[in-house]
Structures are given as structure tokens and as C-alpha cells.
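Student: Input run_6.csv, format and content: CSV, C-alpha atoms.
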chain,number,residue,atom,x,y,z
C,28,MET,CA,0.0,0.0,0.0
C,29,GLU,CA,1.4,3.4,-1.0
C,30,LYS,CA,1.3,6.0,1.7
C,31,SER,CA,-0.2,9.3,0.9
C,32,GLN,CA,2.2,12.2,1.4
C,33,GLN,CA,-0.4,13.9,3.6
C,34,SER,CA,-1.2,10.9,5.7
C,35,HIS,CA,0.4,9.9,9.0
C,36,ARG,CA,-0.6,6.4,10.1
C,37,TRP,CA,-0.7,6.0,13.9
C,38,GLY,CA,-0.5,3.0,16.1
C,39,ILE,CA,-1.6,3.1,19.7
C,40,LEU,CA,0.2,0.8,22.1
C,41,GLY,CA,-1.7,0.3,25.4
C,42,LEU,CA,-5.4,1.0,25.4
C,43,GLY,CA,-6.3,2.7,28.7
C,44,LYS,CA,-8.0,6.0,29.5
C,45,ILE,CA,-5.3,8.3,27.9
C,46,ALA,CA,-5.3,6.2,24.7
C,47,ARG,CA,-9.0,6.8,24.3
C,48,LYS,CA,-8.5,10.5,24.5
C,49,MET,CA,-5.7,10.4,22.0
C,50,ALA,CA,-7.8,8.3,19.6
C,51,ALA,CA,-10.7,10.7,19.8
C,52,ASP,CA,-8.4,13.6,19.0
C,53,LEU,CA,-6.6,11.8,16.1
C,54,ALA,CA,-10.0,11.6,14.4
C,55,LEU,CA,-10.0,15.5,14.4
C,56,VAL,CA,-6.8,15.8,12.5
C,57,PRO,CA,-7.3,15.3,8.7
C,58,GLU,CA,-3.7,14.1,8.2
C,59,ALA,CA,-3.9,11.5,10.9
C,60,LYS,CA,-5.1,7.9,10.5
C,61,LEU,CA,-5.5,5.4,13.3
C,62,GLN,CA,-4.0,2.4,11.5
C,63,ALA,CA,-3.6,0.0,14.4
C,64,VAL,CA,-4.1,-0.6,18.1
C,65,ALA,CA,-2.6,-3.1,20.5
C,66,SER,CA,-3.5,-4.4,23.9
C,67,ARG,CA,-2.5,-7.5,25.8
C,68,SER,CA,-6.2,-8.3,25.9
C,69,ALA,CA,-7.5,-9.4,22.5
C,70,LYS,CA,-11.0,-8.3,23.4
C,71,ARG,CA,-9.9,-4.9,24.5
C,72,ALA,CA,-8.0,-4.4,21.2
C,73,GLN,CA,-11.0,-5.6,19.2
C,74,ASP,CA,-13.5,-3.3,21.1
C,75,PHE,CA,-11.1,-0.3,20.9
C,76,ALA,CA,-10.5,-0.8,17.2
C,77,PHE,CA,-14.2,-1.0,16.5
C,78,GLU,CA,-15.0,2.1,18.5
C,79,PHE,CA,-12.4,4.3,17.0
C,80,GLY,CA,-12.2,2.9,13.5
C,81,ALA,CA,-8.7,1.4,13.6
C,82,GLU,CA,-7.9,-0.8,10.6
C,83,ARG,CA,-5.9,-3.4,12.5
C,84,MET,CA,-5.8,-4.7,16.0
C,85,TYR,CA,-3.2,-6.7,17.9
C,86,HIS,CA,-2.8,-8.4,21.2
C,87,ASP,CA,0.9,-8.4,20.8
C,88,TYR,CA,3.0,-5.2,21.1
C,89,HIS,CA,5.8,-6.5,18.9
C,90,ALA,CA,3.3,-7.1,16.1
C,91,LEU,CA,2.1,-3.5,16.1
C,92,CYS,CA,5.6,-2.1,16.1
C,93,GLU,CA,6.6,-4.3,13.2
C,94,ASP,CA,3.5,-3.4,11.1
C,95,PRO,CA,4.8,-1.8,7.9
C,96,GLU,CA,1.6,0.3,7.6
C,97,VAL,CA,2.3,2.1,10.9
C,98,ASP,CA,4.4,5.3,10.8
C,99,ILE,CA,4.1,6.6,14.4
C,100,VAL,CA,3.6,4.7,17.6
C,101,TYR,CA,2.0,6.4,20.6
C,102,ILE,CA,3.0,4.7,23.9
C,103,ALA,CA,0.2,4.8,26.4
C,104,THR,CA,1.0,2.0,28.8
C,105,PRO,CA,1.7,2.6,32.5
C,106,HIS,CA,4.8,4.6,33.5
C,107,SER,CA,6.9,1.6,34.3
C,108,PHE,CA,6.6,0.2,30.8
C,109,HIS,CA,7.3,3.4,28.8
C,110,PHE,CA,11.0,2.6,28.3
C,111,GLU,CA,10.4,-1.0,27.3
C,112,HIS,CA,7.6,-0.2,24.8
C,113,ALA,CA,9.2,2.9,23.4
C,114,SER,CA,12.3,0.9,22.8
C,115,LEU,CA,10.3,-1.7,20.8
C,116,ALA,CA,8.9,0.9,18.5
C,117,ILE,CA,12.3,2.7,18.1
C,118,GLU,CA,14.0,-0.5,17.2
C,119,ALA,CA,11.3,-1.2,14.6
C,120,GLY,CA,12.2,2.2,13.0
C,121,LYS,CA,9.0,3.9,14.0
C,122,ALA,CA,8.5,7.6,15.0
C,123,VAL,CA,7.5,7.6,18.7
C,124,LEU,CA,5.4,9.7,20.9
C,125,VAL,CA,5.8,8.4,24.4
C,126,GLU,CA,3.4,9.5,27.1
C,127,LYS,CA,5.0,11.3,30.0
C,128,PRO,CA,7.2,10.6,31.9
C,129,MET,CA,9.6,9.4,29.2
C,130,GLY,CA,11.1,6.9,31.6
C,131,LEU,CA,11.1,6.1,35.3
C,132,ASN,CA,14.4,7.9,35.7
C,133,ALA,CA,17.0,10.0,33.8
C,134,HIS,CA,18.9,6.8,33.0
C,135,GLN,CA,16.0,5.4,31.0
C,136,ALA,CA,15.2,8.8,29.4
C,137,LYS,CA,18.8,9.2,28.3
C,138,ALA,CA,18.9,5.6,26.9
C,139,LEU,CA,15.8,6.2,24.9
C,140,ILE,CA,17.1,9.4,23.4
C,141,GLU,CA,20.4,7.7,22.5
C,142,LYS,CA,18.5,4.8,21.0
C,143,ALA,CA,16.3,7.1,18.9
C,144,ARG,CA,19.3,9.0,17.6
C,145,ALA,CA,21.1,5.8,16.8
C,146,HIS,CA,18.2,4.5,14.8
C,147,GLY,CA,17.6,7.9,13.2
C,148,VAL,CA,13.9,8.1,14.2
C,149,PHE,CA,11.7,10.8,15.7
C,150,LEU,CA,11.1,10.8,19.5
C,151,MET,CA,9.0,13.1,21.6
C,152,GLU,CA,7.6,13.0,25.1
C,153,GLY,CA,3.9,13.5,25.3
C,154,ILE,CA,3.7,16.6,27.4
C,155,TRP,CA,0.6,18.1,25.7
C,156,THR,CA,0.9,21.2,27.9
C,157,ARG,CA,3.6,22.6,25.7
C,158,PHE,CA,1.5,22.8,22.6
C,159,ILE,CA,-1.8,24.2,23.7
C,160,PRO,CA,-2.6,27.8,22.7
C,161,ILE,CA,-2.6,29.2,26.2
C,162,THR,CA,1.0,27.9,26.8
C,163,GLU,CA,2.1,29.4,23.5
C,164,LYS,CA,0.6,32.8,24.6
C,165,TYR,CA,2.2,32.5,28.0
C,166,LEU,CA,5.6,31.9,26.5
C,167,GLU,CA,5.0,34.9,24.1
C,168,LEU,CA,4.3,37.1,27.1
C,169,LEU,CA,7.4,35.9,28.9
C,170,LYS,CA,9.6,36.5,25.9
C,171,ALA,CA,8.2,40.1,25.6
C,172,GLU,CA,9.1,40.6,29.3
C,173,ILE,CA,5.6,41.9,29.9
C,174,ILE,CA,5.8,41.1,33.7
C,175,GLY,CA,9.6,41.6,33.8
C,176,PRO,CA,12.0,39.0,35.4
C,177,ILE,CA,10.2,36.3,37.3
C,178,LYS,CA,10.5,36.5,41.1
C,179,ARG,CA,8.1,33.7,42.1
C,180,LEU,CA,6.2,30.8,40.5
C,181,SER,CA,3.7,28.7,42.2
C,182,ALA,CA,1.7,25.8,40.7
C,183,ASP,CA,-0.4,22.9,42.2
C,184,PHE,CA,-2.1,19.8,40.9
C,185,GLY,CA,-4.1,17.7,43.3
C,186,PHE,CA,-7.2,15.4,43.2
C,187,ARG,CA,-8.4,12.6,45.5
C,188,PRO,CA,-8.9,9.2,43.8
C,189,ALA,CA,-10.2,6.3,45.7
C,190,PHE,CA,-7.3,4.3,47.1
C,191,ASN,CA,-6.6,1.0,45.4
C,192,PRO,CA,-3.1,-0.5,45.9
C,193,ASP,CA,-3.3,-2.2,42.5
C,194,HIS,CA,-4.2,0.9,40.5
C,195,ARG,CA,-1.4,2.4,38.5
C,196,LEU,CA,-1.6,5.6,40.7
C,197,PHE,CA,-0.8,3.7,43.9
C,198,ASN,CA,1.2,0.7,42.7
C,199,PRO,CA,5.0,1.2,42.9
C,200,ASP,CA,5.5,-1.5,40.3
C,201,LEU,CA,3.6,0.6,37.8
C,202,GLY,CA,5.5,3.9,38.6
C,203,GLY,CA,2.7,5.2,40.9
C,204,GLY,CA,2.7,8.3,43.0
C,205,SER,CA,1.6,11.9,42.7
C,206,LEU,CA,5.0,13.1,41.4
C,207,LEU,CA,5.3,11.0,38.3
C,208,ASP,CA,1.6,11.3,37.4
C,209,ILE,CA,0.7,14.9,38.1
C,210,GLY,CA,3.6,16.5,39.9
C,211,ILE,CA,5.5,16.4,36.5
C,212,TYR,CA,3.2,19.2,35.3
C,213,PRO,CA,4.2,21.9,37.9
C,214,LEU,CA,7.8,20.8,37.6
C,215,TYR,CA,7.7,21.1,33.8
C,216,LEU,CA,6.2,24.6,34.1
C,217,SER,CA,9.0,25.6,36.4
C,218,LEU,CA,11.6,24.2,33.9
C,219,LEU,CA,9.9,25.9,31.0
C,220,SER,CA,9.7,29.2,32.8
C,221,LEU,CA,12.9,29.4,34.8
C,222,GLY,CA,15.3,26.7,33.6
C,223,LYS,CA,17.5,24.7,35.9
C,224,ALA,CA,17.3,25.4,39.7
C,225,ASP,CA,20.3,25.9,42.0
C,226,THR,CA,18.7,24.2,45.0
C,227,ILE,CA,15.8,21.8,45.7
C,228,LYS,CA,14.0,21.2,48.9
C,229,VAL,CA,11.3,18.5,49.1
C,230,SER,CA,8.7,17.5,51.5
C,231,ALA,CA,6.8,14.3,50.7
C,232,LYS,CA,4.2,12.1,52.3
C,233,MET,CA,4.3,8.5,51.5
C,234,GLY,CA,1.1,6.4,51.3
C,235,PRO,CA,0.4,2.9,52.5
C,236,SER,CA,1.4,1.3,49.2
C,237,GLY,CA,4.8,3.0,49.4
C,238,VAL,CA,4.4,5.8,46.8
C,239,ASP,CA,4.2,9.5,47.4
C,240,ILE,CA,0.6,10.7,47.9
C,241,ARG,CA,1.7,14.3,48.4
C,242,CYS,CA,4.8,16.1,47.3
C,243,GLU,CA,5.9,19.7,47.9
C,244,VAL,CA,8.9,21.1,46.1
C,245,GLU,CA,10.7,24.4,46.6
C,246,LEU,CA,13.2,25.4,43.9
C,247,ASN,CA,15.6,28.4,44.1
C,248,TYR,CA,17.4,29.9,41.0
C,249,PRO,CA,20.6,31.8,40.4
C,250,SER,CA,18.4,34.9,39.5
C,251,GLY,CA,16.9,34.9,43.0
C,252,ALA,CA,13.6,33.6,41.7
C,253,GLU,CA,11.9,30.7,43.5
C,254,ALA,CA,9.2,28.2,42.7
C,255,HIS,CA,6.7,26.5,45.0
C,256,LEU,CA,5.1,23.4,43.6
C,257,LEU,CA,2.6,20.9,44.9
C,258,SER,CA,1.2,17.6,43.8
C,259,SER,CA,-1.3,15.5,45.8
C,260,LEU,CA,-3.5,12.4,45.6
C,261,GLU,CA,-5.2,13.2,48.9
C,262,GLU,CA,-6.9,16.5,48.2
C,263,GLU,CA,-8.5,18.6,45.5
C,264,THR,CA,-6.4,21.7,44.8
C,265,PRO,CA,-7.1,24.7,42.7
C,266,THR,CA,-4.7,23.4,40.0
C,267,GLU,CA,-3.7,26.9,39.0
C,268,ALA,CA,-0.3,28.6,38.4
C,269,ARG,CA,0.8,32.1,39.3
C,270,ILE,CA,3.9,33.6,37.8
C,271,ILE,CA,4.9,36.8,39.6
C,272,GLY,CA,7.4,39.2,38.0
C,273,GLU,CA,8.8,42.6,38.8
C,274,LYS,CA,6.2,44.4,36.7
C,275,GLY,CA,3.1,42.2,37.2
C,276,GLU,CA,1.6,38.7,37.3
C,277,ILE,CA,0.3,36.0,35.0
C,278,LYS,CA,-2.2,33.5,36.2
C,279,LEU,CA,-2.9,30.3,34.4
C,280,HIS,CA,-6.4,29.3,35.4
C,281,ARG,CA,-7.7,25.8,36.3
C,282,ARG,CA,-6.4,23.4,35.1
C,283,PHE,CA,-3.2,25.2,34.3
C,284,HIS,CA,-1.6,22.4,32.4
C,285,HIS,CA,-4.3,22.6,29.7
C,286,SER,CA,-6.0,25.9,30.5
C,287,GLU,CA,-8.1,28.0,28.1
C,288,LEU,CA,-7.8,31.2,30.3
C,289,LEU,CA,-4.9,33.4,31.2
C,290,SER,CA,-5.0,36.6,33.3
C,291,LEU,CA,-2.4,39.3,33.0
C,292,ASP,CA,-2.2,41.7,35.9
C,293,ILE,CA,-0.1,44.9,35.3
C,294,ASN,CA,-0.4,47.8,37.7
C,295,GLN,CA,-3.6,46.2,39.1
C,296,LYS,CA,-5.2,46.3,35.7
C,297,VAL,CA,-6.3,42.8,34.8
C,298,ARG,CA,-6.7,41.6,31.2
C,299,GLU,CA,-8.1,38.1,30.5
C,300,ILE,CA,-7.0,36.2,27.4
C,301,LYS,CA,-9.1,33.2,26.4
C,302,LEU,CA,-7.8,30.7,23.9
C,303,ALA,CA,-9.6,27.4,23.3
C,304,TYR,CA,-7.7,24.2,22.6
C,305,ARG,CA,-9.1,21.8,19.9
C,306,GLY,CA,-10.6,18.5,20.8
C,307,LEU,CA,-9.6,17.3,24.2
C,308,GLY,CA,-6.3,19.2,23.9
C,309,TYR,CA,-4.2,16.5,22.2
C,310,VAL,CA,-4.7,17.8,18.7
C,311,HIS,CA,-1.9,20.3,19.1
C,312,GLU,CA,0.8,17.8,20.0
C,313,ILE,CA,-0.4,15.5,17.2
C,314,GLU,CA,0.0,18.3,14.8
C,315,GLU,CA,3.5,19.0,16.2
C,316,VAL,CA,4.5,15.4,15.5
C,317,HIS,CA,3.2,15.8,12.0
C,318,ARG,CA,5.1,19.1,11.5
C,319,CYS,CA,8.3,17.6,12.7
C,320,LEU,CA,8.0,14.5,10.5
C,321,ALA,CA,7.1,16.6,7.4
C,322,ALA,CA,10.2,18.7,8.0
C,323,GLY,CA,12.4,15.7,8.5
C,324,HIS,CA,13.2,16.5,12.1
C,325,GLN,CA,14.0,13.8,14.7
C,326,GLU,CA,12.9,15.9,17.6
C,327,SER,CA,10.7,18.9,18.3
C,328,SER,CA,12.2,22.4,18.7
C,329,LYS,CA,9.3,23.2,21.1
C,330,LEU,CA,9.9,20.2,23.3
C,331,PRO,CA,13.5,19.1,22.6
C,332,LEU,CA,14.9,15.9,23.9
C,333,SER,CA,17.3,17.9,26.0
C,334,THR,CA,14.3,19.3,27.9
C,335,SER,CA,12.9,15.9,28.5
C,336,LEU,CA,16.2,14.8,29.9
C,337,GLU,CA,16.4,17.8,32.2
C,338,LEU,CA,12.9,17.1,33.4
C,339,ALA,CA,13.8,13.5,34.1
C,340,GLU,CA,16.9,14.6,36.0
C,341,LEU,CA,14.8,17.0,38.1
C,342,LEU,CA,12.3,14.2,38.9
C,343,ASP,CA,15.2,12.1,40.0
C,344,LYS,CA,16.5,14.8,42.3
C,345,VAL,CA,13.1,15.3,43.9
C,346,GLN,CA,12.6,11.6,44.4
C,347,ALA,CA,16.1,11.3,46.0
C,348,GLN,CA,14.8,13.4,48.8
C,349,PHE,CA,11.7,11.4,49.5
C,350,ASN,CA,13.4,9.3,52.2
C,351,ASN,CA,14.7,12.4,53.9
C,352,SER,CA,11.3,14.2,54.0
Since I need it in another form, could you write the structure as C-alpha cells?

Tutor:
Amino acid sequence: MEKSQQSHRWGILGLGKIARKMAADLALVPEAKLQAVASRSAKRAQDFAFEFGAERMYHDYHALCEDPEVDIVYIATPHSFHFEHASLAIEAGKAVLVEKPMGLNAHQAKALIEKARAHGVFLMEGIWTRFIPITEKYLELLKAEIIGPIKRLSADFGFRPAFNPDHRLFNPDLGGGSLLDIGIYPLYLSLLSLGKADTIKVSAKMGPSGVDIRCEVELNYPSGAEAHLLSSLEEETPTEARIIGEKGEIKLHRRFHHSELLSLDINQKVREIKLAYRGLGYVHEIEEVHRCLAAGHQESSKLPLSTSLELAELLDKVQAQFNNS
């Protein structure tokens, strides 16, 4: 079968909740085609393929990665399998979008990056936050120095799921805990806004299954700026971000990691900027993957692999302090 120049054929590996959202948004992108899906459960693969119109279904991950009709593989399995499954796709010569976090640690992230470069294939971490319109506007405002140098950044993300030690959120064998699942968003915002921190102070609360159910992080920077970040699986939080500069403040409203509303406060004059995202918000990262592939790029300039590695290193440094908190 000859591939259309405008068509990008996707395979989804792992068919949980996030995969359903991605499949729904793939249908909104004319250049995207859901070619194949794979689950360890044959019935789940069959049901998912029928619901979202995938042409092929597999209950073997190797088979999906080896399918010559698949161009891009989206890795949507639990955190602890991201490295293994992304490696499968890379070794099969596929472009890869791997759901965050890229790996359980910086060692895995670095190994994936090196593997993708060795095989000459595209790799990107699925941090959809970077590509939504409000984030683009936020970065535009920072670049224009509308609020001046940042003095303080605060961001939180918390919700209260029912405790189940076998669920991926609470199971240490599946990479559970608040930090890797939702704390990654405040940390990414701090990295995007302020770069690398000088010092890190962590206070974490560990749950009965041995993963963090609350994590507070304080970061200090060479400029004198500071960041205060929170993730929690034991309380609902505003899930907002405030970025305070010398000249004013930017607020990313709920839920800041895929917000449609930004407030700009300069001299106590508040202006609201509303920018809707398309679909469920994943359309924009899908289009970024397509843009990169069309240009022959092996990574995104908006979310370079160096940033994913820096984020993984930051997550490692935070986790290293869990036992001391």
C-alpha cells in the first residue's frame, strides 16, 4: 500500500484512558489515520478498534511495532513500561510519541534518546501542555518581558482518587505516586519558565502502598527567583499557576496544564486572554509530531529531547529526597 504524502498512520500501544483521549483527537486531524491498536487483551483491542475505527488490532505489542503500515507509535502504557515499549517501537524504525514521563528515571530517558538517535527516528515526550494555545501565549508574554523578570512561580495539581493499591496511581511497580503522574506538570512549568534550579527542597508524604501521595517542592534559582510546587493524591487543589514578575503577574487558570484562560495583571489592571484548545487538547501535540516529520526532524524544537532529559533529572533529584522528608 502506497502511503499518501499527507497521511500519517498512527498505532496506539496500550489502550487505557489516555489512549481513548488520543484516539478521539486523532479523528479530528485530517492528516492522521488510526492504523492499528494493541493491547495484551485481544477483546480490548477488538473493542477499541471497532469504537475508534482502527484498521488493525493486535494483542501483541511487537506485532504493532513491526506493522509496515504504521508510521508513528503512541506509547500509552503505565509509566513503568514506557522505556520497554518505546524501545520496541524505536528498534522497529517507527517515530515515537511516548506519554510522560519518558522513563522512570533519567537513565531510562537518556537511553531512549540515544536509541532514537542511533536509529535515526523521531522521538518526543507526550507533554501536551507545551503545545496548547494558552501555553504558546504564556511563552510569548514571557519573551516580551511583559511582567519583567520572574520573582516567584507557584503551581499545584491535586485530586483525590479512591485508594486502590493495585491501581497504577498507587502501585509502585507501575510507577505510581503523585510526582510522576501529576507533579510532573508543575515541575515542567518551572523548567519551561525558569530553567534549571540551584537548590531543591522536598517534603513528601508516602502512602500505605509505598508511593508518594503528596509532594511539595521548593526550587531556588541563580536569579533569586523561587518556585513552590505541589502535587497531591489526597486533596482537590485549585490546579492553577501564578507567575509573579517585577512588573506584574500572569495567572494560568484551572487546570493550568491545559487551561483556556490566562489573566495578565499589570499595575492592578487585569486583562483576560481566552484561547480554546481543539478537541480534548491533544490535537496540538499530534500536529507538532506531523510538523516535525514533514520537515524531516527527529525531535521537536518546542519540546526538545534535552528538555525531557532535564525534566527526568529534576524528577530524580526530587525523588532522591523522599526518604529524607

Student: Stretch 210-250 of chain C near stretch 165-185 of chain C within 9 Å: what's each residue's closest atom pair and its distance in Å to one decimal, counting only C-alpha atoms, ordered by chain then ascending residue number, as JSON lines?

Tutor:
{"residue": "C:Gly210", "atom": "CA", "partner": "C:Phe184", "partner_atom": "CA", "distance": 6.7}
{"residue": "C:Tyr212", "atom": "CA", "partner": "C:Phe184", "partner_atom": "CA", "distance": 7.7}
{"residue": "C:Pro213", "atom": "CA", "partner": "C:Ala182", "partner_atom": "CA", "distance": 5.4}
{"residue": "C:Leu214", "atom": "CA", "partner": "C:Ala182", "partner_atom": "CA", "distance": 8.5}
{"residue": "C:Leu216", "atom": "CA", "partner": "C:Ala182", "partner_atom": "CA", "distance": 8.1}
{"residue": "C:Ser217", "atom": "CA", "partner": "C:Leu180", "partner_atom": "CA", "distance": 7.2}
{"residue": "C:Leu219", "atom": "CA", "partner": "C:Leu166", "partner_atom": "CA", "distance": 8.6}
{"residue": "C:Ser220", "atom": "CA", "partner": "C:Leu166", "partner_atom": "CA", "distance": 8.0}
{"residue": "C:Leu221", "atom": "CA", "partner": "C:Ile177", "partner_atom": "CA", "distance": 7.8}
{"residue": "C:Arg241", "atom": "CA", "partner": "C:Gly185", "partner_atom": "CA", "distance": 8.4}
{"residue": "C:Ser250", "atom": "CA", "partner": "C:Lys178", "partner_atom": "CA", "distance": 8.2}

Student: Distance atom CA of C:Lys223-atom CA of C:Gln325, one decimal place?

Tutor: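 Interatomic distance, atom CA of C:Lys223 to atom CA of C:Gln325: 24.1 Å.
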
Student: For atom CA of C:Arg187 and atom CA of C:Ser205, determine how far apart the two atoms are, in Å to one decimal place.

Tutor: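 Between atom CA of C:Arg187 and atom CA of C:Ser205 the gap works out to 10.4 Å.
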
Student: Which stretch 162-240 of chain C residues have any atom within 12 Å of an atom of stretch 129-151 of chain C, and for each, what is the nearest pair of atoms with distance in Å to one decimal, counting only C-alpha atoms, rows sorted by chain and number, as a Markdown table?

Tutor:
| residue | atom | partner | partner_atom | distance |
| --- | --- | --- | --- | --- |
| C:Pro199 | CA | C:Leu131 | CA | 10.9 |
| C:Asp200 | CA | C:Leu131 | CA | 10.7 |
| C:Leu201 | CA | C:Leu131 | CA | 9.6 |
| C:Gly202 | CA | C:Leu131 | CA | 6.9 |
| C:Gly203 | CA | C:Leu131 | CA | 10.1 |
| C:Gly204 | CA | C:Leu131 | CA | 11.6 |
| C:Leu206 | CA | C:Leu131 | CA | 11.1 |
| C:Leu207 | CA | C:Leu131 | CA | 8.2 |
| C:Asp208 | CA | C:Leu131 | CA | 11.0 |
| C:Ile211 | CA | C:Met129 | CA | 10.9 |

Student: For atom CA of C:Pro188 and atom CA of C:Tyr304, quote the distance in Å rounded to one decimal.

Tutor: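 So the answer is 26.0 Å.
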